[in-house]
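*Asks:* Just so it is clear, I am handing over start-v2.txt, which has compact mmCIF, C-alpha atoms.
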# COMPACT_ATOMS: atom_id res chain seq x y z
CA MET A 543 177.72 -159.16 127.87
CA PRO A 544 176.24 -155.65 128.10
CA ALA A 545 177.17 -153.62 131.16
CA LYS A 546 174.63 -153.52 133.94
CA PRO A 547 172.85 -150.14 133.89
CA LEU A 548 173.54 -147.89 136.82
CA PRO A 549 170.64 -147.22 139.20
CA ARG A 550 168.95 -143.89 138.52
CA PRO A 551 169.55 -141.32 141.30
CA ARG A 552 166.46 -140.10 143.10
CA GLN A 553 167.45 -136.57 142.11
CA VAL A 554 167.03 -137.42 138.41
CA THR A 555 163.72 -139.17 139.05
CA PHE A 556 162.38 -136.15 140.92
CA SER A 557 163.62 -133.74 138.23
CA GLY A 558 162.16 -135.77 135.36
CA TRP A 559 158.71 -136.03 136.91
CA SER A 560 158.80 -132.37 137.97
CA ILE A 561 159.56 -131.39 134.37
CA MET A 562 156.69 -133.47 133.00
CA VAL A 563 154.11 -132.38 135.58
CA GLY A 564 155.18 -128.73 135.45
CA SER A 565 155.05 -128.73 131.64
CA VAL A 566 151.54 -130.18 131.54
CA VAL A 567 150.28 -127.65 134.09
CA THR A 568 151.95 -124.83 132.12
CA ILE A 569 150.07 -125.92 128.99
CA LEU A 570 146.78 -125.83 130.90
CA PHE A 571 147.55 -122.41 132.36
CA ALA A 572 148.50 -121.04 128.93
CA TYR A 573 145.28 -122.34 127.39
CA GLN A 574 143.23 -120.84 130.21
CA ARG A 575 145.00 -117.50 129.84
CA VAL A 576 144.38 -117.32 126.08
CA ALA A 577 140.73 -118.31 126.51
CA ALA A 578 140.23 -115.51 129.08
CA LEU A 579 141.69 -112.71 126.94
CA GLY A 580 138.26 -111.71 125.59
CA THR A 581 136.61 -111.38 128.99
CA ILE A 582 135.77 -108.04 130.59
CA GLU A 583 138.02 -108.78 133.58
CA SER A 584 141.02 -109.33 131.30
CA GLN A 585 140.40 -106.12 129.36
CA GLU A 586 140.04 -104.15 132.59
CA SER A 587 143.31 -105.53 133.96
CA VAL A 588 145.13 -104.68 130.73
CA THR A 589 143.62 -101.17 130.74
CA GLU A 590 144.81 -100.68 134.30
CA PHE A 591 148.29 -101.90 133.35
CA ILE A 592 148.75 -99.44 130.44
CA SER A 593 147.34 -96.52 132.46
CA THR A 594 149.72 -96.88 135.42
CA PRO A 595 153.51 -97.06 135.62
CA PRO A 596 155.47 -98.88 134.31
CA GLY A 597 153.03 -99.71 131.50
CA GLU A 598 151.97 -96.11 131.05
CA GLY A 599 155.12 -95.06 129.25
CA LEU A 600 155.22 -97.99 126.80
CA GLY A 601 152.74 -96.46 124.36
CA LEU A 602 150.79 -99.71 123.95
CA SER A 603 147.10 -100.19 123.37
CA VAL A 604 144.85 -102.87 124.83
CA ASP A 605 145.00 -104.85 121.58
CA ASP A 606 148.80 -104.69 121.53
CA VAL A 607 149.10 -106.03 125.07
CA GLN A 608 146.60 -108.82 124.44
CA LEU A 609 148.42 -109.81 121.25
CA ALA A 610 151.71 -109.97 123.16
CA ILE A 611 150.10 -112.11 125.86
CA ARG A 612 148.62 -114.45 123.24
CA VAL A 613 152.00 -114.88 121.52
CA MET A 614 153.80 -115.49 124.82
CA CYS A 615 151.21 -118.07 125.85
CA LEU A 616 151.58 -119.88 122.52
CA VAL A 617 155.35 -119.92 122.91
CA ALA A 618 155.01 -121.20 126.49
CA GLY A 619 152.61 -123.93 125.36
CA GLY A 620 154.90 -125.05 122.55
CA CYS A 621 157.95 -125.17 124.80
CA ALA A 622 156.00 -126.98 127.51
CA ALA A 623 154.85 -129.62 125.04
CA ALA A 624 158.47 -130.27 124.04
CA THR A 625 159.78 -130.30 127.63
CA ALA A 626 157.06 -132.74 128.71
CA ILE A 627 158.34 -135.23 126.11
CA LEU A 628 161.98 -134.57 126.93
CA GLY A 629 161.28 -134.99 130.64
CA TRP A 630 160.48 -138.65 130.00
CA GLN A 631 163.61 -139.03 127.91
CA VAL A 632 165.92 -137.80 130.68
CA LEU A 633 164.57 -140.61 132.85
CA GLN A 634 166.02 -142.96 130.19
CA ALA A 635 169.49 -141.35 130.62
CA SER A 636 169.29 -139.38 127.36
CA ARG A 637 172.07 -136.80 127.38
CA SER A 638 170.71 -135.18 124.23
CA ALA A 639 167.34 -134.61 125.92
CA ARG A 640 169.14 -132.91 128.80
CA VAL A 641 170.90 -130.55 126.37
CA VAL A 642 167.69 -129.64 124.54
CA LEU A 643 165.92 -129.10 127.86
CA SER A 644 168.67 -126.67 128.84
CA VAL A 645 167.97 -124.69 125.67
CA LEU A 646 164.19 -124.64 126.10
CA ALA A 647 164.06 -124.00 129.86
CA PRO A 648 164.99 -120.27 129.73
CA ILE A 649 162.49 -119.67 126.91
CA LEU A 650 159.76 -121.48 128.83
CA PHE A 651 160.55 -119.55 132.01
CA VAL A 652 160.26 -116.15 130.31
CA ALA A 653 157.21 -117.04 128.20
CA GLY A 654 155.49 -118.70 131.16
CA LEU A 655 155.48 -115.47 133.17
CA THR A 656 152.33 -114.38 131.31
CA SER A 657 150.40 -117.48 132.38
CA GLY A 658 151.57 -117.88 135.96
CA GLY A 659 155.33 -118.32 136.21
CA LEU A 660 155.37 -120.74 139.14
CA MET A 661 155.21 -123.92 137.04
CA SER A 662 157.66 -122.67 134.41
CA ALA A 663 160.06 -121.73 137.20
CA LEU A 664 159.68 -125.25 138.62
CA VAL A 665 160.59 -126.74 135.23
CA ALA A 666 163.65 -124.47 134.92
CA ALA A 667 164.83 -125.42 138.43
CA ALA A 668 164.33 -129.14 137.69
CA VAL A 669 166.40 -128.82 134.51
CA ALA A 670 169.19 -127.12 136.46
CA MET A 671 169.23 -130.07 138.91
CA LEU A 672 170.12 -132.39 136.03
CA TRP A 673 173.57 -130.76 135.80
CA VAL A 674 174.69 -131.24 139.42
CA GLN A 675 175.96 -134.30 141.22
CA PRO A 676 175.08 -137.16 141.32
CA ALA A 677 172.97 -136.62 138.18
CA ARG A 678 175.96 -135.50 136.12
CA ASP A 679 177.91 -138.68 136.82
CA TRP A 680 174.85 -140.82 136.05
CA PHE A 681 174.39 -139.22 132.63
CA ASP A 682 178.11 -139.74 131.95
CA GLY A 683 177.78 -143.44 132.78
CA LYS A 684 179.90 -143.17 135.93
CA GLU A 685 179.12 -144.54 139.35
CA PRO A 686 178.44 -141.63 141.73
CA VAL A 687 181.31 -140.86 144.10
CA ARG A 688 179.03 -141.25 147.11
CA ASP A 689 178.11 -144.79 145.99
CA GLN A 690 181.77 -145.68 145.47
CA ALA A 691 182.57 -144.58 149.03
CA ALA A 692 179.68 -146.65 150.37
CA VAL A 693 180.91 -149.75 148.53
CA ALA A 694 184.42 -149.26 149.86
CA ALA A 695 183.12 -148.88 153.41
CA THR A 696 181.04 -152.02 153.06
CA THR A 697 184.02 -153.99 151.71
CA SER A 698 186.33 -152.86 154.50
CA SER A 699 183.77 -153.61 157.19
CA SER A 700 183.24 -157.13 155.86
CA ALA A 701 186.95 -158.02 156.32
CA PRO A 702 187.78 -160.35 159.32
CA SER A 703 188.67 -158.57 162.51
CA GLY A 704 192.39 -158.45 163.26
CA ALA A 705 193.34 -158.84 159.61
CA SER A 706 194.66 -155.99 157.51
CA PRO A 707 192.83 -155.60 154.18
CA SER A 708 195.92 -154.36 152.46
CA ALA A 709 198.25 -157.08 153.81
CA PRO A 710 196.58 -160.49 153.79
CA SER A 711 198.22 -163.16 155.85
CA SER A 712 200.16 -165.78 153.99
CA PRO A 713 201.48 -169.11 155.27
CA SER A 714 205.03 -169.03 156.43
CA THR A 715 207.45 -170.64 154.02
CA PRO A 716 210.82 -172.11 154.97
CA THR A 717 213.80 -170.15 153.81
CA SER A 718 216.31 -172.96 154.10
CA GLY A 719 216.47 -176.68 154.42
CA PRO A 720 216.52 -179.75 152.26
CA GLY A 721 214.50 -179.54 149.08
CA VAL A 722 214.36 -175.76 149.13
CA PRO A 723 216.15 -174.07 146.20
CA PRO A 724 218.63 -171.39 147.10
CA PRO A 725 217.49 -167.78 146.69
CA PRO A 726 218.55 -165.92 143.54
CA PRO A 727 221.79 -164.04 143.83
CA SER A 728 221.61 -160.31 144.50
CA GLY A 729 221.36 -158.19 141.35
CA SER A 730 220.37 -161.09 139.13
CA SER A 731 217.64 -160.71 136.51
CA TRP A 732 216.02 -164.10 136.67
CA ASN A 733 212.62 -164.32 134.94
CA LEU A 734 210.43 -165.42 137.79
CA PRO A 735 206.84 -166.49 137.10
CA HIS A 736 203.96 -164.38 138.38
CA PRO A 737 202.80 -165.55 141.84
CA ASP A 738 199.34 -166.29 140.45
CA ALA A 739 200.65 -168.22 137.44
CA SER A 740 200.99 -171.57 139.22
CA ARG A 741 197.59 -171.11 140.87
CA ALA A 742 195.99 -170.38 137.49
CA THR A 743 197.68 -173.44 136.00
CA MET A 744 196.62 -175.67 138.86
CA THR A 745 192.99 -174.62 138.60
CA GLY A 746 192.95 -175.06 134.83
CA MET A 747 192.37 -171.34 134.19
CA SER A 748 194.13 -169.62 131.32
CA GLU A 749 196.00 -166.45 132.11
CA GLN A 750 194.13 -163.30 131.12
CA PRO A 751 195.66 -159.87 130.46
CA PHE A 752 195.54 -157.61 133.46
CA HIS A 753 193.58 -154.35 133.07
CA PRO A 754 194.15 -152.05 136.04
CA TYR A 755 191.27 -149.77 135.00
CA GLY A 756 188.76 -152.41 133.98
CA ALA A 757 188.40 -154.46 130.83
CA PRO A 758 187.95 -152.47 127.61
CA THR A 759 184.36 -152.18 126.47
CA GLY A 760 183.10 -152.68 122.96
CA PRO A 761 180.79 -150.44 120.97
CA PRO A 762 177.49 -149.54 122.65
CA ALA A 763 174.33 -151.43 121.88
CA GLY A 764 172.26 -150.32 118.93
CA SER A 765 175.08 -150.19 116.34
CA GLY A 766 173.12 -152.16 113.76
CA LYS A 767 170.28 -151.11 111.50
CA ARG A 768 169.08 -147.52 111.58
CA PRO A 769 165.86 -147.14 113.64
CA GLY A 770 162.74 -146.48 111.63
CA GLY A 771 161.95 -143.42 113.73
CA VAL A 772 165.17 -141.71 112.64
CA THR A 773 164.37 -142.40 108.98
CA ALA A 774 160.81 -141.16 109.42
CA ALA A 775 162.00 -137.97 111.15
CA GLY A 776 164.41 -137.25 108.30
CA ILE A 777 161.77 -137.84 105.65
CA ILE A 778 159.19 -135.70 107.48
CA THR A 779 161.72 -132.88 107.77
CA MET A 780 162.71 -133.02 104.11
CA VAL A 781 159.10 -133.17 102.87
CA ALA A 782 157.86 -130.37 105.17
CA SER A 783 160.90 -128.20 104.44
CA GLY A 784 160.58 -128.80 100.70
CA ILE A 785 156.90 -127.84 100.65
CA THR A 786 157.57 -124.75 102.77
CA LEU A 787 160.51 -123.79 100.55
CA ALA A 788 158.33 -124.06 97.46
CA GLY A 789 155.66 -121.85 99.03
CA LEU A 790 158.26 -119.28 100.06
CA ALA A 791 159.71 -119.26 96.55
CA VAL A 792 156.26 -118.61 95.06
CA SER A 793 155.66 -115.76 97.52
CA MET A 794 159.02 -114.17 96.77
CA ILE A 795 158.41 -114.42 93.04
CA PHE A 796 154.97 -112.84 93.46
CA ILE A 797 156.32 -109.93 95.50
CA GLY A 798 159.22 -109.47 93.13
CA THR A 799 157.14 -109.45 89.93
CA SER A 800 154.14 -107.58 91.38
CA ARG A 801 155.97 -105.36 93.82
CA GLN A 802 153.90 -102.25 93.12
CA ASP A 803 150.63 -104.11 93.56
CA PHE A 804 151.89 -105.49 96.85
CA ILE A 805 152.93 -102.00 98.00
CA ASP A 806 149.51 -100.60 97.07
CA GLU A 807 147.77 -103.30 99.11
CA VAL A 808 150.02 -102.63 102.09
CA ASP A 809 149.44 -98.89 101.75
CA LYS A 810 145.69 -99.44 101.75
CA GLU A 811 145.88 -101.51 104.92
CA LEU A 812 148.12 -98.97 106.65
CA SER A 813 145.86 -96.07 105.71
CA SER A 814 142.89 -97.73 107.37
CA ASN A 815 144.67 -97.60 110.76
CA SER A 816 145.84 -94.21 112.01
CA ALA A 817 148.42 -95.82 114.31
CA TYR A 818 150.46 -97.12 111.33
CA GLN A 819 150.32 -94.15 108.98
CA ASP A 820 153.98 -93.28 109.66
CA ILE A 821 155.19 -96.65 108.34
CA SER A 822 156.38 -96.72 104.73
CA PRO A 823 154.84 -99.41 102.46
CA GLU A 824 158.21 -99.82 100.72
CA THR A 825 159.79 -100.69 104.06
CA ILE A 826 157.15 -103.34 104.66
CA ALA A 827 157.83 -104.84 101.22
CA ASN A 828 161.60 -104.96 101.82
CA VAL A 829 161.14 -106.52 105.25
CA ALA A 830 158.75 -109.12 103.83
CA ILE A 831 161.20 -110.16 101.11
CA GLY A 832 164.07 -110.34 103.61
CA PHE A 833 161.99 -112.40 106.05
CA LEU A 834 160.96 -114.84 103.31
CA GLY A 835 164.61 -115.15 102.28
CA VAL A 836 165.68 -116.02 105.82
CA LEU A 837 162.96 -118.66 106.07
CA ALA A 838 164.04 -120.12 102.72
CA VAL A 839 167.64 -120.45 103.92
CA TRP A 840 166.34 -122.07 107.12
CA CYS A 841 164.46 -124.66 105.06
CA VAL A 842 167.60 -125.51 103.08
CA ILE A 843 169.59 -125.91 106.31
CA ALA A 844 166.87 -128.16 107.74
CA ILE A 845 167.04 -130.41 104.68
CA VAL A 846 170.83 -130.68 105.02
CA LEU A 847 170.49 -131.49 108.72
CA ALA A 848 167.92 -134.17 107.93
CA VAL A 849 170.32 -135.85 105.49
CA LEU A 850 173.19 -135.74 108.00
CA THR A 851 170.91 -137.08 110.74
CA ILE A 852 169.90 -140.07 108.62
CA ARG A 853 173.60 -140.73 108.05
CA GLY A 854 174.16 -140.92 111.81
CA SER A 855 175.48 -137.50 112.84
CA ASN A 856 174.49 -136.87 116.46
CA GLY A 857 175.43 -133.19 116.20
CA ALA A 858 173.07 -132.79 113.25
CA ARG A 859 170.41 -134.61 115.26
CA ILE A 860 170.64 -132.14 118.16
CA THR A 861 170.65 -129.15 115.79
CA LEU A 862 167.64 -130.56 113.95
CA VAL A 863 165.76 -130.99 117.25
CA VAL A 864 166.41 -127.34 118.12
CA SER A 865 165.40 -126.26 114.60
CA ALA A 866 162.19 -128.32 114.72
CA SER A 867 161.32 -126.93 118.16
CA MET A 868 161.75 -123.35 116.95
CA ALA A 869 159.74 -124.13 113.81
CA ALA A 870 156.92 -125.48 115.98
CA LEU A 871 156.92 -122.30 118.07
CA ILE A 872 156.85 -120.02 115.02
CA SER A 873 154.15 -122.04 113.29
CA LEU A 874 152.03 -121.86 116.45
CA LEU A 875 151.61 -118.13 115.76
CA GLY A 876 149.31 -119.12 112.89
CA ALA A 877 147.77 -122.15 114.58
CA LEU A 878 144.29 -121.27 113.32
CA VAL A 879 145.45 -121.72 109.74
CA VAL A 880 145.62 -125.23 108.31
CA VAL A 881 149.12 -125.12 106.80
CA PRO A 882 150.95 -123.77 109.91
CA LEU A 883 149.10 -126.32 112.03
CA VAL A 884 150.37 -129.12 109.78
CA LEU A 885 153.92 -127.77 110.11
CA THR A 886 153.52 -127.67 113.89
CA VAL A 887 152.50 -131.34 113.96
CA ALA A 888 155.38 -132.27 111.63
CA ALA A 889 157.93 -130.40 113.76
CA ILE A 890 156.72 -132.00 117.02
CA ALA A 891 156.70 -135.45 115.38
CA THR A 892 160.30 -134.92 114.25
CA VAL A 893 161.42 -134.07 117.78
CA ILE A 894 159.68 -137.13 119.23
CA LEU A 895 160.95 -139.58 116.60
CA LEU A 896 164.56 -138.52 117.13
CA PHE A 897 164.39 -139.64 120.78
CA VAL A 898 162.34 -142.86 120.72
CA GLY A 899 162.62 -146.30 119.18
CA GLY A 900 166.30 -146.85 120.00
CA ALA A 901 167.45 -143.62 118.35
CA GLY A 902 169.75 -142.66 121.24
CA PRO A 903 171.79 -145.91 121.34
CA TRP A 904 172.05 -145.93 117.53
CA PHE A 905 173.50 -142.40 117.40
CA ALA A 906 175.87 -143.27 120.26
CA ALA A 907 177.08 -146.31 118.31
CA GLN A 908 177.65 -144.21 115.18
CA LYS A 909 179.72 -141.77 117.22
CA HIS A 910 181.73 -144.67 118.69
CA GLN A 911 182.44 -146.13 115.25
CA SER A 912 183.59 -142.81 113.82
Would you kindly transcribe this structure into structure tokens?
*Replies:*
Amino acid sequence: MPAKPLPRPRQVTFSGWSIMVGSVVTILFAYQRVAALGTIESQESVTEFISTPPGEGLGLSVDDVQLAIRVMCLVAGGCAAATAILGWQVLQASRSARVVLSVLAPILFVAGLTSGGLMSALVAAAVAMLWVQPARDWFDGKEPVRDQAAVAATTSSSAPSGASPSAPSSPSTPTSGPGVPPPPPSGSSWNLPHPDASRATMTGMSEQPFHPYGAPTGPPAGSGKRPGGVTAAGIITMVASGITLAGLAVSMIFIGTSRQDFIDEVDKELSSNSAYQDISPETIANVAIGFLGVLAVWCVIAIVLAVLTIRGSNGARITLVVSASMAALISLLGALVVVPLVLTVAAIATVILLFVGGAGPWFAAQKHQS
């Protein structure tokens, strides 16, 4: 018989709903902030910022500040979308969701400062509450200490007055007389039956092994067939990573074989803007190749993580969730382009599928079996 689930502490309920509501409001604030960047009021506020300390000494233009705000708002929106989903998962006692929330909360807090940091601060505080008592015991599957004390107090108060709970009264038994066997001699090692053995035999109950710390539990539920969501998440990751890897390989081959043409195009673009005339086109080419190489390695790692996740590795699952979340944030930088938008959707779908449809119990069962 499966163990009865522990009641969710009010602290966890409050934190979960605070995370979801704060994340949704953060998304709305970020959208409103990005939409208002082209207004005259926004440009005047940015101009005032770069003309007075501390922004005066940064050497930034109005376009640079607005680009930074746009990127920060996109990062805040992506993190908020992930935390809104994970907020619901922590209400289902998902320890993995709590870990991922702890990774995303600092990023959301910093990025959310550009779009009104009150809601992002609320989300970060709610995530921190998930790591203190009694929430920590609830996620570990333990009964909170406060509840244990309440149960003990209730049990002791329900005992009859005048009777000691630790020393129940027992009927007096004669120590001598006819029909009473003599006591065992001092120092003897007679094998006496357990006091409850005769009572168990009289009631027709078979003796059961005594477990002072509770009966051992079997493997957790969900140890059977792999959930379809886990398989779908792995396939989506492998397909998206494979397509991205192929595109990166083509780009690297193009830059490598037509390096001079690429440098000439970069030089032409840099010459048209006086602010970038000190940058070397060769440096841009080297940085581009290095960046494409890092992304290619990332794609290979994501494919390996997808394979390990399908095979039941919970560590690979958590790492893949973090990788997909970061991929969604990076792809949001080119959200107006079709291909990055597709990658964003694929990354968000991967994160969701790894937490729904019985994925959590199945990974817990795989860990128990190993």
*Asks:* Once you count only C-alpha atoms, which residues end up no further than 12 Å from (161.9, -138.0, 115.8) in the file's frame, shown as a count of residues only?
*Replies:* 41
*Asks:* Please compute the atom CA of A:Val607-atom CA of A:Gly659 distance, one decimal, in Å.
*Replies:*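 For atom CA of A:Val607 relative to atom CA of A:Gly659, the distance reads 17.7 Å.
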*Asks:* Got a sec: who's within 12 Å of A:Leu660, counting all atoms listed in the file, leaving out chain neighbours fewer than 2 positions off, as number ranges by chain?
*Replies:* A: 564-565, 567-568, 571, 650-658, 662-667
*Asks:* Keeping C-alpha atoms, export the residues of the selection given above as a compact mmCIF listing (two decimals), in the frame of the given file.
*Replies:*
# COMPACT_ATOMS: atom_id res chain seq x y z
CA GLY A 564 155.18 -128.73 135.45
CA SER A 565 155.05 -128.73 131.64
CA VAL A 567 150.28 -127.65 134.09
CA THR A 568 151.95 -124.83 132.12
CA PHE A 571 147.55 -122.41 132.36
CA LEU A 650 159.76 -121.48 128.83
CA PHE A 651 160.55 -119.55 132.01
CA VAL A 652 160.26 -116.15 130.31
CA ALA A 653 157.21 -117.04 128.20
CA GLY A 654 155.49 -118.70 131.16
CA LEU A 655 155.48 -115.47 133.17
CA THR A 656 152.33 -114.38 131.31
CA SER A 657 150.40 -117.48 132.38
CA GLY A 658 151.57 -117.88 135.96
CA SER A 662 157.66 -122.67 134.41
CA ALA A 663 160.06 -121.73 137.20
CA LEU A 664 159.68 -125.25 138.62
CA VAL A 665 160.59 -126.74 135.23
CA ALA A 666 163.65 -124.47 134.92
CA ALA A 667 164.83 -125.42 138.43
*Asks:* To one decimal place, how far is atom CA of A:Gly683 from atom CA of A:Arg853 in Å?
*Replies:*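 According to the coordinates, atom CA of A:Gly683 and atom CA of A:Arg853 are separated by 25.2 Å.
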*Asks:* Using only C-alpha atoms, which of A:Gln585, A:Glu811, A:Trp630, A:Ile561 sits nearest A:Met661?
*Replies:*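 Ranked by minimum distance to A:Met661, first place goes to A:Ile561.
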*Asks:* Choose the residue, out of A:Ala844, A:Ala635, A:Val674, A:Leu812, that has the smallest atom-to-atom separation from A:Glu824; count all atoms listed in the file.
*Replies:* A:Leu812
*Asks:* Please, could N, CA and C atoms be added to stretch 559-578 of chain A and the result written as a CSV table (one decimal), in the frame of the given file?
*Replies:*
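Writing the result to result-v8.csv gives the following:
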chain,number,residue,atom,x,y,z
A,559,TRP,N,160.2,-136.1,136.7
A,559,TRP,CA,158.7,-136.0,136.9
A,559,TRP,C,158.3,-134.6,137.2
A,560,SER,N,159.1,-133.8,137.8
A,560,SER,CA,158.8,-132.4,138.0
A,560,SER,C,158.7,-131.7,136.6
A,561,ILE,N,159.6,-132.0,135.7
A,561,ILE,CA,159.6,-131.4,134.4
A,561,ILE,C,158.3,-131.8,133.7
A,562,MET,N,157.9,-133.0,133.7
A,562,MET,CA,156.7,-133.5,133.0
A,562,MET,C,155.4,-132.9,133.6
A,563,VAL,N,155.3,-132.9,134.9
A,563,VAL,CA,154.1,-132.4,135.6
A,563,VAL,C,154.0,-130.9,135.4
A,564,GLY,N,155.2,-130.2,135.6
A,564,GLY,CA,155.2,-128.7,135.4
A,564,GLY,C,154.9,-128.3,134.0
A,565,SER,N,155.3,-129.1,133.0
A,565,SER,CA,155.0,-128.7,131.6
A,565,SER,C,153.6,-128.9,131.3
A,566,VAL,N,153.0,-130.0,131.8
A,566,VAL,CA,151.5,-130.2,131.5
A,566,VAL,C,150.7,-129.1,132.2
A,567,VAL,N,151.0,-128.7,133.4
A,567,VAL,CA,150.3,-127.6,134.1
A,567,VAL,C,150.5,-126.3,133.4
A,568,THR,N,151.7,-126.1,132.9
A,568,THR,CA,152.0,-124.8,132.1
A,568,THR,C,151.1,-124.8,130.9
A,569,ILE,N,150.9,-125.9,130.2
A,569,ILE,CA,150.1,-125.9,129.0
A,569,ILE,C,148.6,-125.6,129.4
A,570,LEU,N,148.1,-126.1,130.5
A,570,LEU,CA,146.8,-125.8,130.9
A,570,LEU,C,146.6,-124.4,131.3
A,571,PHE,N,147.6,-123.8,132.0
A,571,PHE,CA,147.6,-122.4,132.4
A,571,PHE,C,147.6,-121.5,131.1
A,572,ALA,N,148.4,-121.9,130.1
A,572,ALA,CA,148.5,-121.0,128.9
A,572,ALA,C,147.2,-121.1,128.2
A,573,TYR,N,146.6,-122.2,128.1
A,573,TYR,CA,145.3,-122.3,127.4
A,573,TYR,C,144.2,-121.5,128.1
A,574,GLN,N,144.2,-121.6,129.4
A,574,GLN,CA,143.2,-120.8,130.2
A,574,GLN,C,143.5,-119.3,130.0
A,575,ARG,N,144.7,-118.9,130.0
A,575,ARG,CA,145.0,-117.5,129.8
A,575,ARG,C,144.6,-117.0,128.5
A,576,VAL,N,144.8,-117.7,127.4
A,576,VAL,CA,144.4,-117.3,126.1
A,576,VAL,C,142.9,-117.3,126.0
A,577,ALA,N,142.2,-118.3,126.6
A,577,ALA,CA,140.7,-118.3,126.5
A,577,ALA,C,140.1,-117.1,127.3
A,578,ALA,N,140.8,-116.6,128.3
A,578,ALA,CA,140.2,-115.5,129.1
A,578,ALA,C,140.6,-114.1,128.6
